[in-house]
Amino acid sequence: MSLNVSKTKLQLKILGLASSKEFVLYFKPRQTSEKISLLNFLLEKDFAIAYSCYGKKVCKTCKVNLSYKNTKNESIRMENILSCSTYLDDILDAILPNTIATIEITYL
Ligand code: FES
C-alpha cells in the first residue's frame with residue numbers, strides 16, 4: 001500500500017507542560033522558497049516562546065520536545081531540540097499523513 005498522499009497542511013498540538021494547556025495549530029506550506037522555523041511560527045501565533053539569539057543557535061533557550069509518527073508509522077520523539085532550527089516544512093515531509101505532531105514546551 002502506498003502512502004503517497006499529498007500533504008497540504010500540518011496539524012500541531014502545542015502542550016504547555018507548566019500550565020497543562022493545550023492548543024491546536026495548523027501550518028500550510030507557503031509559496032516561497034524560505035522555510036519557516038517552528039520558533040517563528042509560534043511567535044507569529046503570539047506564543048510566549050523563550051529566545052534571545054534570533055536563531056543563531058547560541059542562546060539554546062528556544063528548546064522544545066517534538067513527537068510525531070513518521071511515514072513508516074514509527075513513533076519519533078526528539079527532546080530539547082532548537083525550535084529556531086526546526087522547520088515546519090521538514091516535519092510536514094516526515095510525518096505520516098493525517099496525523100498530529102506534538103510540541104511540548106516545558107515552561108509554557
Ligand atoms: S533562538 Fe537562540 S538557540 Fe534558538
# chains A, B, ... in the order shown; residues from 1 in each chain; ligands from 1
$ residues_near_ligand --ligand "ligand 1" --cutoff "8 Å" --atoms "only C-alpha atoms and all ligand atoms" --output "ChimeraX atom specification"
/A:39,50-63,82-85
$ residues_around --residues "Ala48 (chain A)" --least-positions-apart "3" --cutoff "12 Å" --atoms "only C-alpha atoms" --output "list in words"
Gly16, Leu39, Asn40, Phe41, Leu42, Leu43, Glu44, Lys45, Tyr51, Cys62, Ile105, Thr106, Tyr107 and Leu108 of chain A
$ residues_around --residues "Ser67 (chain A)" --least-positions-apart "3" --cutoff "6 Å" --atoms "only C-alpha atoms" --output "PyMOL selection string"
chain A and resi 76-77+101-102
$ residues_around --residues "Leu66 (chain A)" --least-positions-apart "2" --cutoff "12 Å" --atoms "only C-alpha atoms" --output "CSV table (one decimal) with N, CA and C atoms, in the first residue's frame"
chain,number,residue,atom,x,y,z
A,12,LEU,N,-0.6,20.7,14.4
A,12,LEU,CA,0.3,20.7,15.5
A,12,LEU,C,-0.5,20.8,16.8
A,13,LYS,N,-0.1,20.0,17.8
A,13,LYS,CA,-0.7,20.2,19.1
A,13,LYS,C,0.4,20.7,20.0
A,14,ILE,N,0.1,21.9,20.6
A,14,ILE,CA,1.1,22.5,21.5
A,14,ILE,C,0.7,22.2,22.9
A,15,LEU,N,1.6,21.6,23.6
A,15,LEU,CA,1.3,21.3,25.0
A,15,LEU,C,2.2,22.2,25.9
A,38,LEU,N,10.0,26.6,13.4
A,38,LEU,CA,8.9,26.4,14.5
A,38,LEU,C,8.9,27.6,15.4
A,63,LYS,N,14.4,25.7,23.2
A,63,LYS,CA,14.2,24.3,23.2
A,63,LYS,C,12.8,23.8,23.4
A,64,VAL,N,12.4,22.8,22.6
A,64,VAL,CA,11.0,22.2,22.8
A,64,VAL,C,11.2,20.7,22.6
A,68,TYR,N,6.0,12.8,16.8
A,68,TYR,CA,5.1,12.5,15.6
A,68,TYR,C,5.3,11.1,15.2
A,69,LYS,N,4.5,10.7,14.3
A,69,LYS,CA,4.6,9.4,13.6
A,69,LYS,C,5.2,9.7,12.2
A,70,ASN,N,6.3,9.0,11.9
A,70,ASN,CA,6.8,9.2,10.6
A,70,ASN,C,6.1,8.4,9.5
A,75,SER,N,7.0,5.8,15.8
A,75,SER,CA,6.9,7.0,16.7
A,75,SER,C,8.3,7.6,16.9
A,76,ILE,N,8.3,8.9,16.6
A,76,ILE,CA,9.5,9.6,16.7
A,76,ILE,C,9.4,10.6,17.9
A,77,ARG,N,10.4,10.7,18.7
A,77,ARG,CA,10.4,11.7,19.8
A,77,ARG,C,11.8,12.3,19.9
A,78,MET,N,11.8,13.7,19.8
A,78,MET,CA,13.1,14.4,19.9
A,78,MET,C,12.9,15.4,21.0
A,79,GLU,N,13.8,15.3,22.0
A,79,GLU,CA,13.7,16.2,23.2
A,79,GLU,C,14.8,17.3,23.1
A,80,ASN,N,14.4,18.4,23.6
A,80,ASN,CA,15.3,19.6,23.7
A,80,ASN,C,15.9,20.0,22.3
A,81,ILE,N,15.0,20.0,21.3
A,81,ILE,CA,15.5,20.5,20.0
A,81,ILE,C,15.3,22.0,19.9
A,82,LEU,N,16.1,22.6,19.1
A,82,LEU,CA,16.1,24.1,19.0
A,82,LEU,C,14.9,24.4,18.0
A,83,SER,N,13.9,25.1,18.5
A,83,SER,CA,12.8,25.4,17.6
A,83,SER,C,13.2,26.4,16.5
A,86,THR,N,14.4,24.2,13.6
A,86,THR,CA,13.4,23.1,13.3
A,86,THR,C,12.4,23.7,12.3
A,87,TYR,N,12.3,23.1,11.2
A,87,TYR,CA,11.4,23.7,10.1
A,87,TYR,C,10.2,22.9,9.9
A,88,LEU,N,9.0,23.7,9.9
A,88,LEU,CA,7.7,23.0,9.7
A,88,LEU,C,7.6,22.3,8.4
A,91,ILE,N,9.0,18.9,9.0
A,91,ILE,CA,8.1,18.0,9.8
A,91,ILE,C,7.0,17.5,8.9
A,95,ILE,N,6.2,13.5,8.4
A,95,ILE,CA,5.1,13.0,9.2
A,95,ILE,C,4.2,12.1,8.4
A,100,ILE,N,-1.0,14.0,13.8
A,100,ILE,CA,-0.7,15.2,14.5
A,100,ILE,C,0.7,15.2,15.1
A,101,ALA,N,1.5,16.3,14.9
A,101,ALA,CA,2.8,16.4,15.6
A,101,ALA,C,2.5,17.1,16.9
A,102,THR,N,3.2,16.7,18.0
A,102,THR,CA,3.0,17.3,19.3
A,102,THR,C,4.3,18.0,19.7
A,103,ILE,N,4.1,19.3,20.1
A,103,ILE,CA,5.2,20.1,20.5
A,103,ILE,C,5.0,20.3,22.0
A,104,GLU,N,5.9,20.0,22.9
A,104,GLU,CA,5.9,20.2,24.3
A,104,GLU,C,6.8,21.4,24.6
A,105,ILE,N,6.3,22.3,25.4
A,105,ILE,CA,7.1,23.4,25.8
A,105,ILE,C,7.0,23.4,27.4
A,106,THR,N,8.2,23.2,28.0
A,106,THR,CA,8.2,22.9,29.4
A,106,THR,C,7.7,24.1,30.3
$ select_by_dssp --residues "chain A" --states "strand (DSSP E or B)" --output "PyMOL selection string"
chain A and resi 10-16+21-27+37+63-70+75-82+87+95+100-105
$ atom_distance --atom1 "CA of Asp90 (chain A)" --atom2 "CA of Val24 (chain A)"
18.7 Å
